[in-house]
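*Asks:* upload_18.txt is reproduced in full below (compact mmCIF, N, CA and C atoms).
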# COMPACT_ATOMS: atom_id res chain seq x y z
N MET A 1155 -9.50 -3.06 -16.93
CA MET A 1155 -9.43 -2.06 -15.89
C MET A 1155 -9.59 -0.68 -16.56
N PRO A 1156 -10.44 0.18 -16.00
CA PRO A 1156 -10.60 1.51 -16.60
C PRO A 1156 -9.31 2.32 -16.50
N ALA A 1157 -9.07 3.16 -17.50
CA ALA A 1157 -7.82 3.93 -17.56
C ALA A 1157 -7.60 4.77 -16.31
N HIS A 1158 -8.64 5.34 -15.73
CA HIS A 1158 -8.47 6.22 -14.56
C HIS A 1158 -8.04 5.45 -13.31
N ALA A 1159 -8.23 4.14 -13.30
CA ALA A 1159 -7.88 3.34 -12.13
C ALA A 1159 -6.53 2.65 -12.27
N ARG A 1160 -5.85 2.87 -13.39
CA ARG A 1160 -4.59 2.18 -13.64
C ARG A 1160 -3.42 2.80 -12.88
N ASN A 1161 -2.50 1.95 -12.49
CA ASN A 1161 -1.28 2.37 -11.82
C ASN A 1161 -0.32 2.93 -12.89
N PRO A 1162 0.13 4.18 -12.76
CA PRO A 1162 1.01 4.74 -13.77
C PRO A 1162 2.38 4.07 -13.84
N ARG A 1163 2.71 3.25 -12.86
CA ARG A 1163 4.00 2.55 -12.85
C ARG A 1163 3.91 1.18 -13.52
N ARG A 1164 2.77 0.85 -14.09
CA ARG A 1164 2.58 -0.46 -14.72
C ARG A 1164 2.22 -0.30 -16.19
N ALA A 1165 2.58 -1.30 -16.96
CA ALA A 1165 2.15 -1.39 -18.36
C ALA A 1165 0.91 -2.28 -18.38
N TYR A 1166 0.09 -2.08 -19.39
CA TYR A 1166 -1.15 -2.84 -19.51
C TYR A 1166 -1.26 -3.45 -20.89
N ASP A 1167 -1.83 -4.66 -20.97
CA ASP A 1167 -2.01 -5.30 -22.26
C ASP A 1167 -3.28 -4.78 -22.93
N ALA A 1168 -3.59 -5.30 -24.09
CA ALA A 1168 -4.75 -4.83 -24.87
C ALA A 1168 -6.07 -5.05 -24.13
N ASP A 1169 -6.11 -6.02 -23.22
CA ASP A 1169 -7.33 -6.28 -22.46
C ASP A 1169 -7.42 -5.46 -21.19
N GLY A 1170 -6.41 -4.62 -20.92
CA GLY A 1170 -6.42 -3.78 -19.72
C GLY A 1170 -5.88 -4.46 -18.49
N CYS A 1171 -5.26 -5.62 -18.65
CA CYS A 1171 -4.67 -6.33 -17.51
C CYS A 1171 -3.23 -5.86 -17.30
N ALA A 1172 -2.87 -5.66 -16.05
CA ALA A 1172 -1.51 -5.20 -15.73
C ALA A 1172 -0.49 -6.25 -16.10
N ILE A 1173 0.63 -5.80 -16.65
CA ILE A 1173 1.75 -6.67 -16.98
C ILE A 1173 2.75 -6.59 -15.82
N THR A 1174 3.14 -7.73 -15.29
CA THR A 1174 4.08 -7.74 -14.16
C THR A 1174 5.42 -7.17 -14.61
N PRO A 1175 5.91 -6.13 -13.91
CA PRO A 1175 7.19 -5.54 -14.30
C PRO A 1175 8.39 -6.40 -13.92
N MET A 1176 9.53 -6.04 -14.48
CA MET A 1176 10.78 -6.72 -14.19
C MET A 1176 11.22 -6.43 -12.75
N THR A 1177 11.72 -7.45 -12.07
CA THR A 1177 12.27 -7.24 -10.73
C THR A 1177 13.74 -6.84 -10.85
N LEU A 1178 14.28 -6.30 -9.78
CA LEU A 1178 15.70 -5.94 -9.78
C LEU A 1178 16.57 -7.19 -9.95
N GLN A 1179 16.16 -8.30 -9.34
CA GLN A 1179 16.94 -9.54 -9.49
C GLN A 1179 16.94 -9.99 -10.94
N ASN A 1180 15.80 -9.93 -11.58
CA ASN A 1180 15.71 -10.31 -12.99
C ASN A 1180 16.61 -9.41 -13.84
N ALA A 1181 16.61 -8.11 -13.54
CA ALA A 1181 17.46 -7.17 -14.28
C ALA A 1181 18.95 -7.49 -14.06
N MET A 1182 19.32 -7.75 -12.79
CA MET A 1182 20.72 -8.06 -12.49
C MET A 1182 21.15 -9.37 -13.16
N ASP A 1183 20.24 -10.33 -13.24
CA ASP A 1183 20.55 -11.61 -13.90
C ASP A 1183 20.84 -11.39 -15.38
N ARG A 1184 20.37 -10.30 -15.94
CA ARG A 1184 20.58 -9.98 -17.35
C ARG A 1184 21.69 -8.96 -17.56
N GLY A 1185 22.48 -8.72 -16.50
CA GLY A 1185 23.66 -7.86 -16.62
C GLY A 1185 23.45 -6.40 -16.27
N VAL A 1186 22.27 -6.03 -15.81
CA VAL A 1186 22.01 -4.64 -15.43
C VAL A 1186 22.65 -4.36 -14.08
N THR A 1187 23.41 -3.26 -13.99
CA THR A 1187 24.04 -2.88 -12.73
C THR A 1187 23.57 -1.51 -12.24
N ALA A 1188 22.74 -0.85 -13.07
CA ALA A 1188 22.28 0.49 -12.70
C ALA A 1188 20.89 0.74 -13.28
N LEU A 1189 20.21 1.72 -12.68
CA LEU A 1189 18.92 2.18 -13.18
C LEU A 1189 19.07 3.62 -13.66
N ARG A 1190 18.33 3.99 -14.67
CA ARG A 1190 18.29 5.38 -15.13
C ARG A 1190 17.06 6.00 -14.49
N ALA A 1191 17.27 7.06 -13.71
CA ALA A 1191 16.18 7.82 -13.10
C ALA A 1191 15.90 9.03 -13.99
N ILE A 1192 14.64 9.19 -14.39
CA ILE A 1192 14.25 10.24 -15.33
C ILE A 1192 13.18 11.10 -14.65
N CYS A 1193 13.51 12.37 -14.44
CA CYS A 1193 12.60 13.30 -13.77
C CYS A 1193 11.77 14.06 -14.81
N ALA A 1194 10.63 14.54 -14.37
CA ALA A 1194 9.75 15.34 -15.24
C ALA A 1194 10.43 16.64 -15.66
N CYS A 1195 11.43 17.11 -14.91
CA CYS A 1195 12.13 18.35 -15.25
C CYS A 1195 13.11 18.15 -16.40
N GLY A 1196 13.32 16.88 -16.80
CA GLY A 1196 14.25 16.58 -17.88
C GLY A 1196 15.59 16.05 -17.43
N HIS A 1197 15.88 16.11 -16.14
CA HIS A 1197 17.15 15.62 -15.61
C HIS A 1197 17.14 14.09 -15.58
N GLU A 1198 18.25 13.50 -15.98
CA GLU A 1198 18.43 12.05 -15.93
C GLU A 1198 19.71 11.72 -15.18
N ALA A 1199 19.68 10.63 -14.45
CA ALA A 1199 20.87 10.19 -13.71
C ALA A 1199 20.87 8.67 -13.64
N GLU A 1200 22.06 8.09 -13.54
CA GLU A 1200 22.18 6.65 -13.35
C GLU A 1200 22.40 6.38 -11.87
N VAL A 1201 21.66 5.39 -11.35
CA VAL A 1201 21.74 5.01 -9.95
C VAL A 1201 22.16 3.55 -9.90
N SER A 1202 23.27 3.29 -9.25
CA SER A 1202 23.77 1.93 -9.12
C SER A 1202 22.79 1.09 -8.30
N ILE A 1203 22.64 -0.17 -8.70
CA ILE A 1203 21.81 -1.09 -7.93
C ILE A 1203 22.69 -1.66 -6.82
N HIS A 1204 22.56 -1.13 -5.62
CA HIS A 1204 23.34 -1.59 -4.48
C HIS A 1204 22.62 -2.74 -3.80
N VAL A 1205 23.37 -3.74 -3.41
CA VAL A 1205 22.79 -4.81 -2.62
C VAL A 1205 22.32 -4.21 -1.31
N GLY A 1206 21.09 -4.39 -0.96
CA GLY A 1206 20.54 -3.87 0.27
C GLY A 1206 19.80 -2.55 0.14
N ARG A 1207 20.04 -1.79 -0.92
CA ARG A 1207 19.32 -0.53 -1.10
C ARG A 1207 17.85 -0.81 -1.36
N TRP A 1208 17.59 -1.77 -2.24
CA TRP A 1208 16.24 -2.24 -2.51
C TRP A 1208 16.24 -3.75 -2.41
N ALA A 1209 15.12 -4.33 -2.09
CA ALA A 1209 15.01 -5.79 -2.08
C ALA A 1209 15.12 -6.30 -3.52
N SER A 1210 15.71 -7.46 -3.69
CA SER A 1210 15.89 -8.00 -5.04
C SER A 1210 14.55 -8.30 -5.71
N THR A 1211 13.50 -8.43 -4.91
CA THR A 1211 12.17 -8.70 -5.45
C THR A 1211 11.42 -7.41 -5.81
N SER A 1212 12.04 -6.25 -5.56
CA SER A 1212 11.40 -4.97 -5.91
C SER A 1212 11.31 -4.85 -7.42
N PHE A 1213 10.26 -4.18 -7.87
CA PHE A 1213 10.09 -3.96 -9.30
C PHE A 1213 10.90 -2.74 -9.74
N VAL A 1214 11.50 -2.82 -10.93
CA VAL A 1214 12.31 -1.73 -11.46
C VAL A 1214 11.53 -0.40 -11.46
N PRO A 1215 10.26 -0.35 -11.93
CA PRO A 1215 9.55 0.93 -11.94
C PRO A 1215 9.28 1.51 -10.54
N ASP A 1216 9.27 0.64 -9.51
CA ASP A 1216 8.98 1.11 -8.16
C ASP A 1216 10.19 1.67 -7.43
N ALA A 1217 11.40 1.44 -7.95
CA ALA A 1217 12.61 1.93 -7.29
C ALA A 1217 12.61 3.46 -7.20
N GLY A 1218 11.99 4.12 -8.15
CA GLY A 1218 11.94 5.58 -8.14
C GLY A 1218 11.20 6.17 -6.96
N MET A 1219 10.35 5.39 -6.32
CA MET A 1219 9.58 5.91 -5.19
C MET A 1219 10.47 6.32 -4.01
N THR A 1220 11.71 5.82 -3.99
CA THR A 1220 12.63 6.15 -2.89
C THR A 1220 13.67 7.19 -3.30
N LEU A 1221 13.55 7.72 -4.53
CA LEU A 1221 14.56 8.65 -5.05
C LEU A 1221 14.00 10.06 -5.18
N ARG A 1222 14.92 11.03 -5.25
CA ARG A 1222 14.59 12.42 -5.54
C ARG A 1222 15.53 12.91 -6.63
N CYS A 1223 15.03 13.82 -7.45
CA CYS A 1223 15.84 14.39 -8.52
C CYS A 1223 16.95 15.25 -7.90
N ASP A 1224 18.18 15.07 -8.36
CA ASP A 1224 19.31 15.87 -7.87
C ASP A 1224 19.21 17.32 -8.34
N ALA A 1225 18.55 17.55 -9.46
CA ALA A 1225 18.47 18.91 -10.02
C ALA A 1225 17.38 19.76 -9.38
N CYS A 1226 16.16 19.19 -9.24
CA CYS A 1226 15.04 20.01 -8.76
C CYS A 1226 14.44 19.54 -7.44
N GLY A 1227 14.83 18.35 -6.99
CA GLY A 1227 14.34 17.84 -5.71
C GLY A 1227 12.99 17.14 -5.78
N THR A 1228 12.41 17.02 -6.97
CA THR A 1228 11.12 16.36 -7.11
C THR A 1228 11.27 14.88 -6.77
N PRO A 1229 10.37 14.33 -5.95
CA PRO A 1229 10.45 12.91 -5.64
C PRO A 1229 9.87 12.05 -6.77
N ASP A 1230 10.19 10.77 -6.71
CA ASP A 1230 9.54 9.76 -7.53
C ASP A 1230 9.80 9.85 -9.04
N PRO A 1231 11.09 9.89 -9.46
CA PRO A 1231 11.36 9.87 -10.90
C PRO A 1231 11.02 8.50 -11.49
N LYS A 1232 10.81 8.45 -12.78
CA LYS A 1232 10.62 7.17 -13.47
C LYS A 1232 11.97 6.46 -13.51
N THR A 1233 11.94 5.15 -13.41
CA THR A 1233 13.18 4.38 -13.45
C THR A 1233 13.09 3.31 -14.53
N ARG A 1234 14.23 3.12 -15.20
CA ARG A 1234 14.37 2.14 -16.27
C ARG A 1234 15.72 1.45 -16.10
N PRO A 1235 15.86 0.20 -16.54
CA PRO A 1235 17.17 -0.45 -16.47
C PRO A 1235 18.15 0.19 -17.45
N VAL A 1236 19.41 0.23 -17.06
CA VAL A 1236 20.48 0.64 -17.97
C VAL A 1236 21.08 -0.65 -18.50
N TRP A 1237 20.73 -0.97 -19.74
CA TRP A 1237 21.17 -2.24 -20.33
C TRP A 1237 22.65 -2.19 -20.65
N PRO A 1238 23.37 -3.28 -20.42
CA PRO A 1238 24.80 -3.31 -20.75
C PRO A 1238 24.99 -3.17 -22.26
N ARG A 1239 26.04 -2.47 -22.62
CA ARG A 1239 26.35 -2.29 -24.05
C ARG A 1239 26.95 -3.57 -24.58
N GLN A 1240 26.60 -3.86 -25.81
CA GLN A 1240 27.18 -5.02 -26.47
C GLN A 1240 28.06 -4.51 -27.60
N ASP A 1241 29.26 -5.05 -27.67
CA ASP A 1241 30.17 -4.69 -28.75
C ASP A 1241 29.71 -5.36 -30.03
N HIS A 1242 29.60 -4.58 -31.07
CA HIS A 1242 29.23 -5.11 -32.38
C HIS A 1242 30.44 -5.03 -33.30
N ARG A 1243 31.37 -5.90 -33.08
CA ARG A 1243 32.60 -5.91 -33.86
C ARG A 1243 32.43 -6.85 -35.05
N PRO A 1244 32.86 -6.41 -36.23
CA PRO A 1244 32.75 -7.28 -37.41
C PRO A 1244 33.72 -8.44 -37.37
Kindly return the structure encoded in the file as C-alpha cells.
*Replies:*
Amino acid sequence: MPAHARNPRRAYDADGCAITPMTLQNAMDRGVTALRAICACGHEAEVSIHVGRWASTSFVPDAGMTLRCDACGTPDPKTRPVWPRQDHRP
C-alpha cells in the first residue's frame, strides 16, 4: 500500500500490509485497565476502560477518536495501553 494511502492509526509490515491492532478485550485480557491518551500539544492522560464506553471489539488506537484533550480541546489523541506494572523483587 502506498504511504500516502495508509491509515495513520495502523502499523504496517515491511510489505506495506496493515497489521491488525490490539482490541480492547485483548488488552483487558492481559491486565490493561486504562489507556494513555497522548495529544499533539504534549498533554497525556490516563483514561479508564469502562465497560460500555467502547465495544470490547474496538481497536486500542481507535479509542482516541471519541476523546478530546483536557488541556487544549484538540480531538482524536493517540491512544496506547497502560500496561500493568510488574514487581521485580529479588
*Asks:* Using only N, CA and C atoms, which of the listed residues (A:Cys1195, A:Cys1226, A:Met1155, A:Leu1221) sits closest to Cys1171 in chain A?
*Replies:*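 Nearest to Cys1171 in chain A: A:Met1155.
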*Asks:* Between CA of Gly1206 in chain A and CA of Arg1239 in chain A, what is the distance, to one decimal in Å?
*Replies:*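 That distance, rounded to one decimal, is 25.1 Å.
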*Asks:* In Å, rounded to a single decimal, give me how far CA of Trp1208 in chain A is from CA of Val1236 in chain A.
*Replies:*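 Here the two named atoms are 16.3 Å from each other.
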*Asks:* Can you tell me, as a PyMOL selection string, what residues are no more than 9 Å from Trp1237 in chain A when counting only C-alpha atoms, ignoring any on the same chain fewer than 6 positions away?
*Replies:* chain A and resi 1181+1184-1189
*Asks:* Put a box with edges along x, y and z around all the listed atoms of range 1159-1163 of chain A, pad it by 8 Å on each side, then give me its centre and sizes in Å, one decimal, as AutoDock Vina command-line options.
*Replies:*
--center_x -2.1 --center_y 3.0 --center_z -12.8 --size_x 28.2 --size_y 19.6 --size_z 18.0
*Asks:* Kindly indicate which residue among A:Ala1165, A:Ile1192, A:Ala1172, A:Met1182 lies nearest to Arg1234 in chain A, using only N, CA and C atoms for the distances.
*Replies:*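 Counting only N, CA and C atoms, the residue closest to Arg1234 in chain A is A:Ile1192.
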*Asks:* Could you jot down the atom C of Thr1228 in chain A to CA of Pro1215 in chain A separation for me, Å, one decimal place?
*Replies:* 15.0 Å
*Asks:* So that I can see what lies close to Gly1218 in chain A, please list as an NGL selection string the residues with an atom at most 6.5 Å from it, counting only N, CA and C atoms and leaving out residues fewer than 4 positions away in the same chain.
*Replies:* :A and (1214 or 1222 or 1229-1233)
*Asks:* Can you write just those residues out, N, CA and C atoms, as a short mmCIF file (atom, residue, chain, number, x, y, z; two decimals), in the frame of the given file?
*Replies:*
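Generated output (selection-v8.cif):
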data_model
loop_
_atom_site.label_atom_id
_atom_site.label_comp_id
_atom_site.auth_asym_id
_atom_site.auth_seq_id
_atom_site.Cartn_x
_atom_site.Cartn_y
_atom_site.Cartn_z
N VAL A 1214 11.50 -2.82 -10.93
CA VAL A 1214 12.31 -1.73 -11.46
C VAL A 1214 11.53 -0.40 -11.46
N ARG A 1222 14.92 11.03 -5.25
CA ARG A 1222 14.59 12.42 -5.54
C ARG A 1222 15.53 12.91 -6.63
N PRO A 1229 10.37 14.33 -5.95
CA PRO A 1229 10.45 12.91 -5.64
C PRO A 1229 9.87 12.05 -6.77
N ASP A 1230 10.19 10.77 -6.71
CA ASP A 1230 9.54 9.76 -7.53
C ASP A 1230 9.80 9.85 -9.04
N PRO A 1231 11.09 9.89 -9.46
CA PRO A 1231 11.36 9.87 -10.90
C PRO A 1231 11.02 8.50 -11.49
N LYS A 1232 10.81 8.45 -12.78
CA LYS A 1232 10.62 7.17 -13.47
C LYS A 1232 11.97 6.46 -13.51
N THR A 1233 11.94 5.15 -13.41
CA THR A 1233 13.18 4.38 -13.45
C THR A 1233 13.09 3.31 -14.53
#
*Asks:* Give me the residues within 8 Å of Asp1224 in chain A as a tab-separated table (two decimals) with N, CA and C atoms, in the coordinates of the input, counting all atoms listed in the file and dropping any in the same chain fewer than 5 places off.
*Replies:*
chain	number	residue	atom	x	y	z
A	1193	CYS	N	13.51	12.37	-14.44
A	1193	CYS	CA	12.60	13.30	-13.77
A	1193	CYS	C	11.77	14.06	-14.81
A	1197	HIS	N	15.88	16.11	-16.14
A	1197	HIS	CA	17.15	15.62	-15.61
A	1197	HIS	C	17.14	14.09	-15.58
A	1198	GLU	N	18.25	13.50	-15.98
A	1198	GLU	CA	18.43	12.05	-15.93
A	1198	GLU	C	19.71	11.72	-15.18
A	1199	ALA	N	19.68	10.63	-14.45
A	1199	ALA	CA	20.87	10.19	-13.71
A	1199	ALA	C	20.87	8.67	-13.64
*Asks:* Looking only at the backbone, which of the residues in chain A does DSSP tag as helix (DSSP H, G or I), as a list in words?
*Replies:*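 The helix (DSSP H, G or I) residues within chain A come out as Ala1157, His1158, Ala1159, Leu1178, Gln1179, Asn1180, Ala1181, Met1182, Asp1183, Val1214, Pro1215, Asp1216, Ala1217, Gly1218, Met1219 and Thr1220 of chain A.
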*Asks:* Out of chain A, which residues get strand (DSSP E) from DSSP, as a PyMOL selection string?
*Replies:* chain A and resi 1165-1166+1172-1173+1188-1192+1198-1202+1232-1235
*Asks:* Pick out the closest residue to Ser1212 in chain A from this set: A:Pro1162, A:Asp1167, A:Ile1173, A:Asn1180. Count all atoms listed in the file.
*Replies:* A:Asn1180
